[in-house]
Structures are given as C-alpha cells and as structure tokens.
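K.L.:
Shown below is the structure under consideration.
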Amino acid sequence: METRAKATFPGGVHPPEGKQYSQDRPIEVVPTPKQVTVLLSQHLGAPCKALVNKKDAVKAGQKIGSSDAFVSAAIHSPVDGTVKDIVLAPHPVLGRTMGVVIDTAPQSEPKKPCADKFDLKFSPEQWPTEKICQAIKEAGIVGMGGAGFPARVKIEPNPAMPKEVLIVNGCECEPFLTCDYRMMLEWTWQILAGIRLAAKASDVEKVRIGIEDNKPEAIEIFSQAIQSCTDLDIQVVPVKTKYPQGGERQLIQAIWNKTVPTNNIPPTIGVVVINVATAAAIAEAVVLGQPLTHRVVSVTGRAIAKPGNYYCPVGMSVQEVINHCGGLNESAAKVVMGGPMMGFAIADLSTPLTKTSGGLTFLTRAEVTEAKFKHQQTACIRCGRCLSACPENLNPTRIAHAVKHNNLDLAQQYFMSGCIECGACSYVCPAHIELTGYIKTGKLLVARTKKKA
Amino acid sequence: MLSKITVSPAPHISQPLSTRRVMLDVIIGLAFPVAAALWFFRQYAEIVLVASVASCLVGEWICNWIRKKPNSLGDLSAVVTGIILALSLPPMAPWWVAVIGGLFAMMIVKMPFGGLGYNIFNPAMASRVFLTACFGVLMTTWTVPATMKDEGLKIVSASNTQAVTQATTLGWSKMILKGQKDAAEINPLIKLSFLGDEGGCLGETSALAILLGGLYMLIRKTITWRIPFAVLISAAVVAAIGWLIKPAAYVSPVIHIVGGGMMLCAFFIATDPVTSPLTVKGEWIFGVGVGVLIMLIRLLGEYPEGVMYAVLIMNALTPLIDRFCRLIPAGGKPQCPIV
C-alpha cells in the first residue's frame, strides 16, 4: 500500500483529545422517549414544510416534512405515535425553528442498529445509480459530520463536474467525540457497503478512507475489510492526529494533495467527501429502505455521570439524554451540542437532537477555563498565534477586529468568506478573544446585507 | 442546575495560555540577563532595575486611574517594559533617570495609545531615546563590571589600570573608524564580550545570558525564531562586508553580534509582538530591516550604537509591512470575493 505516512495539512492545533470518556463504550440503544420534537430544518438549505397535521397518526419512518428546493433533505418520524403539535422549537444553531412534536405510542420498541444485515459478501451490483440516488433522496440523508449538506446533492453524478475520487472521512478530529470511531469498529461492513454504493453513484474509481493515527484499531479493521473489495481502487490512509484534520478541505489536502479553491466546494476539483456515519446511513437507506431517523450520539465529558455512545432517535431532547445517562454532576458549566471545538453551546435542555448532532459534550468549569467561563477577553497583543494556527492561512485577528468595528468591507478584503469556522484561532489566543465568534457574526451580517439588497 | 450553565461561541475549550503567562515567560527569559547584570554590576544594577520596574508599574496604574479603566498591572507587561528599559541603561545611571524613563515609557509611549496591544513604538526603546536626548552624558558613561580583573582592565584601559569607567567595545569600534585605534586591539575582546565581562548597558554585556533567555523563550514558543535569526544574520552580513573590505577600520562581525545591544534587541526587543508584524513574511522584513539599520548606524552613523533607532524606525514601518504582506488563503484568492 503506497501512502504517505502521516499525511496532513499546514497549520492546525493539538487540543486535548478527551476521547477516553467514551471511546471504549459500545454503541447502546436508548429506550424510546415519550415525546420527540423533530425539527423541520436539520440541514443546509431550504427548511422543510410539514406534511402532517395536528393529531395525525404517524408511523416510524413516515415522511413528515419535505421541500421542493434542490438543496434540501426530507424529514421522517423516528417513532410510531401521534402528532401533538407543530410549533417553534429550540434549535441548536438557528435559535428557534418549526418542529413536529410527536407523542410516542405506548410500549413502542426502540429501533435497533442494522449493522448485522451487512457482511463482506456485499456487492452494489444490483442497485443501479438512479436507484441509489433516489433512495438517498427519499431517506433524507445529510452529511452527518456536522455541516448537514444534503448527501444526494453531493453524490449525484454531475456532468459539469466529473468526480475522480471519493474520500471517506473517518478522522473524527473533534476532541471528545467517539461516535464515528465506535461505528467504524462495530459497523464496519455497513460503512463499507455505504462507501461502495456512494462510489458507484458518484461514478468514481478511487476511494480513500482517511483515519487519524490516534485510532489504530479503526485503521487496522478497515485495512482488513477493504481487502474484500477487489474491484475498486480503495485505500486506508492514516493521517496525522491534528485539529481540524477532519475538515474536508484539510482532509483533501492531506490525502489527495490538492487544494480546494477558496469559496468553492470539493466537486470543483473532482473530489467528493462523505463522513463514515453518512456512509452507514446510505447503506441502510439503499439496502434496507430505511430513512435517516436515528444516529449514534457520543455523550461525553467530565460533567455527565454515564458517558457513552448512544443510538438515539432524532428529535429526542437533550434533557432525556441526560436523564438516560445518569444526570449531570455539580461541576457542569456548559452543555455543547457537538464537540468542544465546533459544537454549539445550548441554554435550553429541551433542544432536540438533529441529524448532525454527533455528540453532546458536558464540560466542567475547569475544562472551559476560568477566562472563557467569565467571557474575559483582553486586548490583542498581535502575537500571531492565530495566524500560524489557521488551517486556511487567513489572518483571524484582522478579520475579527474588522467585524468588531463593523467594517465588513475590510473583513472581506482579508478573505473572511474563506474561514471554515474550525475554532483553532480562538483556541490558541492568549487574550481569549472569540475570534471565530466574531468571524461567524461577520459572515451572518454579510449574508443579511445581501438579502436586503 | 440551569443557572450555572453558560453559552458562548465555539470553541468551548482553550489552550491553557494567557497574556499574563506569555509575559511571565518573557520575564523568565529576561531573568538570565538580569542575573548577569546583577553579577557584573552588583548594587548599581539593583537600583536601576527596581527604580525602572516600579516606575513602569506606577505609570501604568496612574494612567488607568486617570482613564477610569480597570487595573491592568496583572498582565505583567509593565514589568517586562521596566526590565528591558533597565537592562538598556548604563549601570551608573542614577535612580531618578530610571524613574523618568519608566514613567515616560508608560505615560507617553504606551498608555495614551490604549495600553497593551495598541502602542506603536516599543515603550522601552522610545523611552531610552528620550533619556539619551535629555541626559546625554549620563547615558554614555560606562562603568567597568565589578568582576573585572586587572588583566581585563589592562586591555580596555592600557594607560590607567584603576579606571572605573571605560569605553564600550562599540565605542572603541567607532574610534577605530575615526582612525584613533586599530581593529586588532579590539578583536581579542570577543570572549569577554560574550561572557559579559565588559563595560556597557546593564543587560547588554553578556551575550551568553541573553542566548540562554532567548532559548527558553523559543522552547516555550513565546517568540518565533524568525525575527532573532533575521536580525542577527542580516547584521552579520553587513558587518562582514565592511570587515572584508577594510579589516583595519572595521572590527570583526562577531564583535558586532555579541557587542552592544544586538543580542538583547534580537531576542527581547525586536520580538515584542505588539510592535512587530503579524505575518511570517512581515517578520522577515522587520528582522532584516532592524539588523541592517543597526549596522548602518554603527558603521556609517555618528553614534556607536543604533539598536534603539533601528527598532523605532521599524516599529513605525510595522503597520505598512503588515499591509503589504497580506496572506493569501490556502485555497488561493477567491475568483469572486463574495460567495
């Protein structure tokens, strides 16, 4: 196998990995909650419209939201039950959006993972490309690594941008989270089946699976498994453990040694990147016809009693997850949906899980650090640490200060739109300036001005 | 439970590093030249150091008090300025000169611009220029170190072995340039100059101590290697050119590197993050600029030493350097700027 050992990208940071809380906990099915709130906007793109009405009975897997927009993904009910209401519900990122509240039918059994339905004999032959794309669309699959980009848009063949390689993202560079790692160990064949289906649908000959070298077991198990795929140029590429190695632009740089042009998406250079969780969902959707209604969530951090990896229905509230995991302990200071680098801190524990919630991180005051806890930001001393940490070679302090002083033109001259919001700059800043926060604000302000114009 | 939970933008963890810790690392680095100063100049060094640091702290406190701003002494940057100022003063400088210098550095150069992070000029260097302008003789009278033995005295002052003051190596170099001395007399002083057993400013004499302090800061990643490297190499190149052309008139480049404020400047003064450029390219330009300017002043100018002027000139150019050294994003310049 010819791979460059320790492939990586310039810049980046080394936050504490924090994987020890949950990495050895097998995926566990949680009991069906009494009520779920399925948000109608769980992806990048147009929000869905509800297809059901109040008091309608719904079945598990029934489509309850959809949109005609091209960039969008359908929403399905994870449980059997009745629609209680369609209301504004707390959203981890967007504040409040519409959501379908479903009362679960009594005594409904929780859905189980279906990894046992796949083995090394799987072959994608019997599914033609259109059928795979159709199934992915119907199942409402989105990029489950965090961005939530509708998977169909990525994978569908596009004559304008022929694809050359499929890169599978098994880096899980986000500290604390272990859901992808556990899936790679436990659902190996299902993920591989999904990869093969995606490769067929995208019409690529080459597949590269990038895994950070702090997960030797996952690298080993996949290196073994891919030997069953003799018809495909498929390789496992161990990459250096560094944050944000799992950012798609950084992963492409490391594995394929190509740079995605600023403000462009990987398909422009013939690359498609999918997360391992997305691959597993694709296999489930195409082979078993099941929509994306459940996902593995890493519940982790020092402030939760029973950390682990849980197979949860989308729409389950954070409070229910906490209850199932033995509650928070006294030192809890922050509840983060996602990991500590890119996740969103939530204030309302009734916030439901979405398709992109790979983790719930419960941080203690000591982990958050005193300065961050008290929001103490001191003056920039121009030390340049953010510049050397930035994986996109931007000047975070200049952009952030331009935004702070409401000079969006200047921020754009410093290529604000090229920011991937990984948080490396804020992580290294000795003055604890919320650089990433300012840059995100700046992008929102620019988007808002454009909308008005 | 909920009342204790906070929200903020991502990321939610941060490196265990603060401005205070960065400054503390600089102070630990400075501890080496400070120890050398105390060893070579004893009570003189004590008086100047205490007066300078104390006046910097008082100066910053007064400015915060006048502006009704929260106390910022805790970030330790005033201590750093105080130490660097003291190390750049002559050992016999009276305590009130150090006090005036400290107050000037804080109340004129640093705080009126907005305090830490906003000052354009290096406070210690600007203050030293001010002191040189005000107290020319005091600022150029050099005491021999308390440790100096007779044989050393013989070299530096052949006519009078009991001398308490002497010219610095750079002062001698200037005399050579004017034809009053021969370069061959000076070049053997390299070893004394490296260890610090010579006349000069408090912290500048021992190149060894400064190297150790600089090494500590490099290991702690408080500074990058680029600025010190650029300063020293560019200065050495300019010095070597002069030396190769006319060895009788220009002393060896090694003397220029270990003599005077060159080392202190390369590791502790030019590396001040606030007044040096942000980008890698900018750091190179800044470092080379400082190194070349120091040597031009030393070789062609009227003054024997040019560190403070070179640093201030490059400080003034820093915003311009930053503007010209824009970073290009990893993905290249975007085709359409706004997407």
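Residue numbering restarts at 1 in every chain; chains get A, B, ... in the order shown in the structure tokens, and ligands count up from 1 in that same order.
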Neighbours of stretch 270-272 of chain B within 7 Å (only C-alpha atoms; same-chain residues fewer than 5 positions away dropped), as a list in words?
P.N.:
Ile223, Ile227, Cys265 and Val311 of chain B
K.L.:
Using only C-alpha atoms, what table do you get, as JSON lines, when you list each residue of chain B with an atom no more than 6 Å from chain A, its nearest pair of atoms, and their distance in Å rounded to one decimal, rows by chain then rising number?
P.N.:
{"residue": "B:Lys4", "atom": "CA", "partner": "A:Ala333", "partner_atom": "CA", "distance": 6.0}
{"residue": "B:Ile5", "atom": "CA", "partner": "A:Ala333", "partner_atom": "CA", "distance": 4.7}
{"residue": "B:Thr6", "atom": "CA", "partner": "A:Lys334", "partner_atom": "CA", "distance": 5.6}
{"residue": "B:Val7", "atom": "CA", "partner": "A:Ala345", "partner_atom": "CA", "distance": 5.1}
{"residue": "B:Pro9", "atom": "CA", "partner": "A:Gly437", "partner_atom": "CA", "distance": 5.2}
{"residue": "B:Ala10", "atom": "CA", "partner": "A:Met342", "partner_atom": "CA", "distance": 5.4}
{"residue": "B:Pro11", "atom": "CA", "partner": "A:Met341", "partner_atom": "CA", "distance": 4.1}
{"residue": "B:His12", "atom": "CA", "partner": "A:Pro340", "partner_atom": "CA", "distance": 5.0}
{"residue": "B:Ile13", "atom": "CA", "partner": "A:Val368", "partner_atom": "CA", "distance": 5.0}
{"residue": "B:Ser14", "atom": "CA", "partner": "A:Tyr427", "partner_atom": "CA", "distance": 4.3}
{"residue": "B:Gln15", "atom": "CA", "partner": "A:Val428", "partner_atom": "CA", "distance": 5.4}
{"residue": "B:Leu17", "atom": "CA", "partner": "A:Pro430", "partner_atom": "CA", "distance": 5.2}
{"residue": "B:Ser18", "atom": "CA", "partner": "A:Pro430", "partner_atom": "CA", "distance": 4.1}
{"residue": "B:Thr19", "atom": "CA", "partner": "A:Pro430", "partner_atom": "CA", "distance": 5.1}
{"residue": "B:Gly117", "atom": "CA", "partner": "A:Ile381", "partner_atom": "CA", "distance": 4.4}
{"residue": "B:Pro273", "atom": "CA", "partner": "A:Cys383", "partner_atom": "CA", "distance": 4.9}
{"residue": "B:Val274", "atom": "CA", "partner": "A:Ile381", "partner_atom": "CA", "distance": 5.2}
{"residue": "B:Leu278", "atom": "CA", "partner": "A:Gly384", "partner_atom": "CA", "distance": 5.2}
{"residue": "B:Pro329", "atom": "CA", "partner": "A:Asn393", "partner_atom": "CA", "distance": 5.0}
{"residue": "B:Ala330", "atom": "CA", "partner": "A:Glu392", "partner_atom": "CA", "distance": 4.8}
{"residue": "B:Gly331", "atom": "CA", "partner": "A:Pro261", "partner_atom": "CA", "distance": 4.2}
{"residue": "B:Gly332", "atom": "CA", "partner": "A:Thr262", "partner_atom": "CA", "distance": 5.9}
{"residue": "B:Pro334", "atom": "CA", "partner": "A:Thr262", "partner_atom": "CA", "distance": 5.1}
K.L.:
Go through stretch 47-85 of chain A residue by residue and, counting only C-alpha atoms, keep those with an atom at most 12 Å from stretch 27-42 of chain A; for each kept residue give the shortest atom pair and its distance in Å to one decimal, ordered by chain and increasing number, as JSON lines.
P.N.:
{"residue": "A:Pro47", "atom": "CA", "partner": "A:Ser41", "partner_atom": "CA", "distance": 4.6}
{"residue": "A:Cys48", "atom": "CA", "partner": "A:Leu40", "partner_atom": "CA", "distance": 5.2}
{"residue": "A:Lys49", "atom": "CA", "partner": "A:Leu40", "partner_atom": "CA", "distance": 7.0}
{"residue": "A:Ala50", "atom": "CA", "partner": "A:Leu40", "partner_atom": "CA", "distance": 7.2}
{"residue": "A:Leu51", "atom": "CA", "partner": "A:Leu40", "partner_atom": "CA", "distance": 10.4}
{"residue": "A:Val52", "atom": "CA", "partner": "A:Leu40", "partner_atom": "CA", "distance": 11.8}
{"residue": "A:Ala60", "atom": "CA", "partner": "A:Thr32", "partner_atom": "CA", "distance": 11.5}
{"residue": "A:Lys63", "atom": "CA", "partner": "A:Val38", "partner_atom": "CA", "distance": 11.3}
{"residue": "A:Ile64", "atom": "CA", "partner": "A:Leu40", "partner_atom": "CA", "distance": 8.8}
{"residue": "A:Gly65", "atom": "CA", "partner": "A:Leu40", "partner_atom": "CA", "distance": 6.5}
{"residue": "A:Ser66", "atom": "CA", "partner": "A:Leu40", "partner_atom": "CA", "distance": 8.3}
{"residue": "A:Ser67", "atom": "CA", "partner": "A:Leu40", "partner_atom": "CA", "distance": 9.8}
{"residue": "A:Val71", "atom": "CA", "partner": "A:Ser41", "partner_atom": "CA", "distance": 11.9}
{"residue": "A:Ser72", "atom": "CA", "partner": "A:Ser41", "partner_atom": "CA", "distance": 8.9}
{"residue": "A:Ala73", "atom": "CA", "partner": "A:Gln42", "partner_atom": "CA", "distance": 8.2}
{"residue": "A:Ala74", "atom": "CA", "partner": "A:Leu40", "partner_atom": "CA", "distance": 8.6}
{"residue": "A:Ile75", "atom": "CA", "partner": "A:Leu40", "partner_atom": "CA", "distance": 6.7}
{"residue": "A:His76", "atom": "CA", "partner": "A:Val38", "partner_atom": "CA", "distance": 8.1}
{"residue": "A:Ser77", "atom": "CA", "partner": "A:Val38", "partner_atom": "CA", "distance": 7.2}
{"residue": "A:Pro78", "atom": "CA", "partner": "A:Val36", "partner_atom": "CA", "distance": 8.3}
{"residue": "A:Val79", "atom": "CA", "partner": "A:Thr32", "partner_atom": "CA", "distance": 7.9}
{"residue": "A:Asp80", "atom": "CA", "partner": "A:Thr32", "partner_atom": "CA", "distance": 10.0}
{"residue": "A:Gly81", "atom": "CA", "partner": "A:Gln35", "partner_atom": "CA", "distance": 8.9}
{"residue": "A:Thr82", "atom": "CA", "partner": "A:Gln35", "partner_atom": "CA", "distance": 9.7}
{"residue": "A:Val83", "atom": "CA", "partner": "A:Thr37", "partner_atom": "CA", "distance": 9.7}
{"residue": "A:Lys84", "atom": "CA", "partner": "A:Gln35", "partner_atom": "CA", "distance": 9.1}
{"residue": "A:Asp85", "atom": "CA", "partner": "A:Thr37", "partner_atom": "CA", "distance": 9.3}
K.L.:
Atoms to include: N, CA and C atoms. Write the selected residues as a PDB file, in the first residue's frame.
P.N.:
ATOM      1  N   PRO A  47     -35.597  25.012   4.503  1.00  0.00           N
ATOM      2  CA  PRO A  47     -36.299  24.222   5.524  1.00  0.00           C
ATOM      3  C   PRO A  47     -37.468  23.464   4.888  1.00  0.00           C
ATOM      4  N   CYS A  48     -37.859  22.368   5.549  1.00  0.00           N
ATOM      5  CA  CYS A  48     -38.969  21.570   5.013  1.00  0.00           C
ATOM      6  C   CYS A  48     -40.304  22.152   5.455  1.00  0.00           C
ATOM      7  N   LYS A  49     -41.348  21.773   4.688  1.00  0.00           N
ATOM      8  CA  LYS A  49     -42.714  22.078   5.133  1.00  0.00           C
ATOM      9  C   LYS A  49     -43.286  20.801   5.733  1.00  0.00           C
ATOM     10  N   ALA A  50     -44.082  20.973   6.789  1.00  0.00           N
ATOM     11  CA  ALA A  50     -44.656  19.791   7.435  1.00  0.00           C
ATOM     12  C   ALA A  50     -45.676  19.134   6.503  1.00  0.00           C
ATOM     13  N   LEU A  51     -45.662  17.803   6.426  1.00  0.00           N
ATOM     14  CA  LEU A  51     -46.617  17.072   5.575  1.00  0.00           C
ATOM     15  C   LEU A  51     -47.752  16.513   6.404  1.00  0.00           C
ATOM     16  N   VAL A  52     -47.653  16.662   7.717  1.00  0.00           N
ATOM     17  CA  VAL A  52     -48.678  16.098   8.598  1.00  0.00           C
ATOM     18  C   VAL A  52     -49.376  17.237   9.329  1.00  0.00           C
ATOM     19  N   ALA A  60     -43.312   4.997  12.324  1.00  0.00           N
ATOM     20  CA  ALA A  60     -41.867   5.175  12.299  1.00  0.00           C
ATOM     21  C   ALA A  60     -41.395   5.111  10.850  1.00  0.00           C
ATOM     22  N   LYS A  63     -42.584   9.870   6.126  1.00  0.00           N
ATOM     23  CA  LYS A  63     -42.077  11.197   5.793  1.00  0.00           C
ATOM     24  C   LYS A  63     -43.018  12.251   6.370  1.00  0.00           C
ATOM     25  N   ILE A  64     -42.463  13.166   7.179  1.00  0.00           N
ATOM     26  CA  ILE A  64     -43.324  14.185   7.787  1.00  0.00           C
ATOM     27  C   ILE A  64     -42.957  15.600   7.337  1.00  0.00           C
ATOM     28  N   GLY A  65     -41.873  15.723   6.584  1.00  0.00           N
ATOM     29  CA  GLY A  65     -41.517  17.053   6.099  1.00  0.00           C
ATOM     30  C   GLY A  65     -40.741  16.925   4.809  1.00  0.00           C
ATOM     31  N   SER A  66     -40.985  17.855   3.867  1.00  0.00           N
ATOM     32  CA  SER A  66     -40.199  17.822   2.639  1.00  0.00           C
ATOM     33  C   SER A  66     -40.188  19.208   2.022  1.00  0.00           C
ATOM     34  N   SER A  67     -39.379  19.361   1.011  1.00  0.00           N
ATOM     35  CA  SER A  67     -39.275  20.656   0.352  1.00  0.00           C
ATOM     36  C   SER A  67     -39.014  20.417  -1.120  1.00  0.00           C
ATOM     37  N   VAL A  71     -31.519  21.979  -2.929  1.00  0.00           N
ATOM     38  CA  VAL A  71     -30.679  21.746  -1.767  1.00  0.00           C
ATOM     39  C   VAL A  71     -31.565  21.689  -0.531  1.00  0.00           C
ATOM     40  N   SER A  72     -31.982  20.468  -0.191  1.00  0.00           N
ATOM     41  CA  SER A  72     -32.828  20.256   0.971  1.00  0.00           C
ATOM     42  C   SER A  72     -32.873  18.759   1.229  1.00  0.00           C
ATOM     43  N   ALA A  73     -33.412  18.347   2.346  1.00  0.00           N
ATOM     44  CA  ALA A  73     -33.497  16.922   2.650  1.00  0.00           C
ATOM     45  C   ALA A  73     -34.778  16.651   3.424  1.00  0.00           C
ATOM     46  N   ALA A  74     -35.442  15.557   3.074  1.00  0.00           N
ATOM     47  CA  ALA A  74     -36.720  15.221   3.699  1.00  0.00           C
ATOM     48  C   ALA A  74     -36.518  14.841   5.167  1.00  0.00           C
ATOM     49  N   ILE A  75     -37.599  14.972   5.929  1.00  0.00           N
ATOM     50  CA  ILE A  75     -37.591  14.669   7.360  1.00  0.00           C
ATOM     51  C   ILE A  75     -38.590  13.536   7.616  1.00  0.00           C
ATOM     52  N   HIS A  76     -38.207  12.592   8.462  1.00  0.00           N
ATOM     53  CA  HIS A  76     -39.073  11.448   8.754  1.00  0.00           C
ATOM     54  C   HIS A  76     -39.305  11.331  10.241  1.00  0.00           C
ATOM     55  N   SER A  77     -40.402  10.652  10.597  1.00  0.00           N
ATOM     56  CA  SER A  77     -40.679  10.437  12.011  1.00  0.00           C
ATOM     57  C   SER A  77     -39.850   9.251  12.507  1.00  0.00           C
ATOM     58  N   PRO A  78     -39.177   9.404  13.631  1.00  0.00           N
ATOM     59  CA  PRO A  78     -38.395   8.284  14.145  1.00  0.00           C
ATOM     60  C   PRO A  78     -39.229   7.262  14.907  1.00  0.00           C
ATOM     61  N   VAL A  79     -40.463   7.601  15.235  1.00  0.00           N
ATOM     62  CA  VAL A  79     -41.267   6.724  16.118  1.00  0.00           C
ATOM     63  C   VAL A  79     -42.693   6.587  15.596  1.00  0.00           C
ATOM     64  N   ASP A  80     -43.397   5.565  16.117  1.00  0.00           N
ATOM     65  CA  ASP A  80     -44.843   5.470  15.936  1.00  0.00           C
ATOM     66  C   ASP A  80     -45.488   6.408  16.951  1.00  0.00           C
ATOM     67  N   GLY A  81     -46.576   7.074  16.562  1.00  0.00           N
ATOM     68  CA  GLY A  81     -47.233   7.936  17.539  1.00  0.00           C
ATOM     69  C   GLY A  81     -48.204   8.891  16.890  1.00  0.00           C
ATOM     70  N   THR A  82     -48.558   9.949  17.621  1.00  0.00           N
ATOM     71  CA  THR A  82     -49.486  10.951  17.120  1.00  0.00           C
ATOM     72  C   THR A  82     -48.825  12.319  17.163  1.00  0.00           C
ATOM     73  N   VAL A  83     -49.133  13.116  16.134  1.00  0.00           N
ATOM     74  CA  VAL A  83     -48.594  14.472  16.102  1.00  0.00           C
ATOM     75  C   VAL A  83     -49.329  15.296  17.149  1.00  0.00           C
ATOM     76  N   LYS A  84     -48.571  15.814  18.105  1.00  0.00           N
ATOM     77  CA  LYS A  84     -49.214  16.601  19.153  1.00  0.00           C
ATOM     78  C   LYS A  84     -49.364  18.045  18.685  1.00  0.00           C
ATOM     79  N   ASP A  85     -48.333  18.524  18.030  1.00  0.00           N
ATOM     80  CA  ASP A  85     -48.374  19.929  17.635  1.00  0.00           C
ATOM     81  C   ASP A  85     -47.254  20.200  16.629  1.00  0.00           C
TER      82      ASP A  85
END
K.L.:
Hey, can you check how far atom CA of B:Gly291 sits from atom CA of B:Gly306?
P.N.:
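Spanning atom CA of B:Gly291 to atom CA of B:Gly306 is a straight-line distance of 9.7 Å.
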K.L.:
Using only C-alpha atoms, which residues sit within 8 Å of stretch 72-89 of chain B once same-chain residues fewer than 5 positions away are excluded, as a ChimeraX atom specification?
P.N.:
/B:19-20,23-24,26-27,30,33-34,37,48-49,52-57,60-61,64,98,101-102,105-106,116,123-125,127-128,139,201-204,261,268-269
K.L.:
Write out the residues from the selection above, keeping C-alpha atoms, as a PDB file, in the first residue's frame.
P.N.:
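Final output, saved to selection_38.pdb:
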ATOM      1  CA  THR B  19      -1.399  37.133  28.073  1.00  0.00           C
ATOM      2  CA  ARG B  20      -0.135  37.034  31.641  1.00  0.00           C
ATOM      3  CA  MET B  23       4.532  37.943  29.717  1.00  0.00           C
ATOM      4  CA  LEU B  24       5.645  35.715  32.573  1.00  0.00           C
ATOM      5  CA  VAL B  26       9.310  36.774  28.797  1.00  0.00           C
ATOM      6  CA  ILE B  27      10.167  37.696  32.396  1.00  0.00           C
ATOM      7  CA  LEU B  30      14.781  38.067  30.997  1.00  0.00           C
ATOM      8  CA  PRO B  33      20.348  38.740  31.557  1.00  0.00           C
ATOM      9  CA  VAL B  34      19.030  40.214  34.822  1.00  0.00           C
ATOM     10  CA  ALA B  37      23.558  42.252  35.249  1.00  0.00           C
ATOM     11  CA  VAL B  48      18.293  50.755  38.273  1.00  0.00           C
ATOM     12  CA  LEU B  49      16.152  47.605  37.966  1.00  0.00           C
ATOM     13  CA  SER B  52      12.660  51.198  36.434  1.00  0.00           C
ATOM     14  CA  VAL B  53      10.172  48.383  37.137  1.00  0.00           C
ATOM     15  CA  ALA B  54       8.498  50.252  39.978  1.00  0.00           C
ATOM     16  CA  SER B  55       8.099  53.426  37.922  1.00  0.00           C
ATOM     17  CA  CYS B  56       6.621  51.474  34.995  1.00  0.00           C
ATOM     18  CA  LEU B  57       4.045  49.891  37.309  1.00  0.00           C
ATOM     19  CA  GLU B  60       0.544  52.303  34.150  1.00  0.00           C
ATOM     20  CA  TRP B  61      -1.516  52.446  37.320  1.00  0.00           C
ATOM     21  CA  ASN B  64      -5.581  53.529  34.298  1.00  0.00           C
ATOM     22  CA  ALA B  98      15.343  55.224  35.527  1.00  0.00           C
ATOM     23  CA  GLY B 101      12.382  56.627  31.832  1.00  0.00           C
ATOM     24  CA  GLY B 102       9.783  54.265  33.300  1.00  0.00           C
ATOM     25  CA  ALA B 105       7.573  54.675  28.684  1.00  0.00           C
ATOM     26  CA  MET B 106       4.180  54.108  30.276  1.00  0.00           C
ATOM     27  CA  LEU B 116      -1.057  46.867  25.895  1.00  0.00           C
ATOM     28  CA  PRO B 123       7.965  51.687  25.116  1.00  0.00           C
ATOM     29  CA  ALA B 124      11.411  50.782  26.479  1.00  0.00           C
ATOM     30  CA  MET B 125      13.244  51.870  23.341  1.00  0.00           C
ATOM     31  CA  SER B 127      11.925  55.908  26.472  1.00  0.00           C
ATOM     32  CA  ARG B 128      15.635  55.231  26.073  1.00  0.00           C
ATOM     33  CA  MET B 139      23.588  57.794  29.253  1.00  0.00           C
ATOM     34  CA  CYS B 201      24.484  48.736  29.422  1.00  0.00           C
ATOM     35  CA  LEU B 202      23.278  46.599  32.289  1.00  0.00           C
ATOM     36  CA  GLY B 203      21.776  43.739  30.328  1.00  0.00           C
ATOM     37  CA  GLU B 204      23.666  44.000  27.092  1.00  0.00           C
ATOM     38  CA  GLY B 261      22.572  45.786  22.377  1.00  0.00           C
ATOM     39  CA  PHE B 268      13.858  40.590  23.578  1.00  0.00           C
ATOM     40  CA  ILE B 269      13.233  43.927  21.886  1.00  0.00           C
TER      41      ILE B 269
END
K.L.:
I want to know what sits within 12 Å of A:Trp187, based on only C-alpha atoms, with residues of the same chain fewer than 4 positions away left out; could you give that as a ChimeraX atom specification?
P.N.:
/A:26-27,113-120,179-183,191-194,218,221-222,225,276-277,279-281,283-284,296
K.L.:
Between B:Leu189, B:Ile294, B:Leu218, B:Glu283, which has the minimum distance to B:Ala239 (counting only C-alpha atoms)?
P.N.:
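The closest residue to B:Ala239 is B:Ile294.
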K.L.:
Considering only C-alpha atoms, return as a ChimeraX atom specification whatever protein or nucleic-acid residues lie within 9 Å of A:Ala147, sequence-local ones (same chain, fewer than 4 positions apart) excluded.
P.N.:
/A:43-44,142-143,356
K.L.:
Would you put the residues from that selection into a file with N, CA and C atoms, as a tab-separated table (two decimals), in the first residue's frame?
P.N.:
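Printed below is out_25.tsv as written:
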chain	number	residue	atom	x	y	z
A	43	HIS	N	-30.62	20.66	8.11
A	43	HIS	CA	-29.64	20.53	7.05
A	43	HIS	C	-29.33	21.90	6.50
A	44	LEU	N	-28.31	21.98	5.69
A	44	LEU	CA	-28.04	23.20	4.94
A	44	LEU	C	-29.07	23.29	3.83
A	142	VAL	N	-28.28	13.53	5.10
A	142	VAL	CA	-27.44	14.73	5.05
A	142	VAL	C	-26.05	14.35	5.55
A	143	GLY	N	-25.09	15.23	5.29
A	143	GLY	CA	-23.74	15.00	5.80
A	143	GLY	C	-23.77	14.98	7.32
A	356	THR	N	-27.42	16.02	12.56
A	356	THR	CA	-26.00	16.34	12.57
A	356	THR	C	-25.40	16.35	13.98
K.L.:
What gap, in Å, lies between atom CA of A:Ala402 and atom CA of B:Phe324?
P.N.:
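Atom-to-atom, atom CA of A:Ala402 to atom CA of B:Phe324, that is 17.2 Å.
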K.L.:
Hey, can you check how far atom CA of A:Gly270 sits from atom CA of A:Lys137?
P.N.:
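It comes out at 21.5 Å.
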K.L.:
Any chance you could list, as a ChimeraX atom specification, the residues in stretch 60-272 of chain A that come up strand (DSSP E or B) when DSSP is run on the backbone?
P.N.:
/A:63-66,75-76,81-91,95-104,142,150,165-169,206-212,233-239,243,271-272
K.L.:
If we count only C-alpha atoms and set the cut-off at 8 Å, which residues sit around B:Gly289, ignoring sequence neighbours fewer than 3 positions away in its own chain? Please answer as a list of chain:residue names.
P.N.:
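Near B:Gly289, the qualifying residues are B:Val231, B:Ile285, B:Phe286, B:Val292, B:Leu293, B:Ala310, B:Met314.
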K.L.:
Tell me which of B:Gly115, B:Pro253, B:Gly287, B:Pro91 sits closest to B:Glu198, counting only C-alpha atoms.
P.N.:
B:Pro91
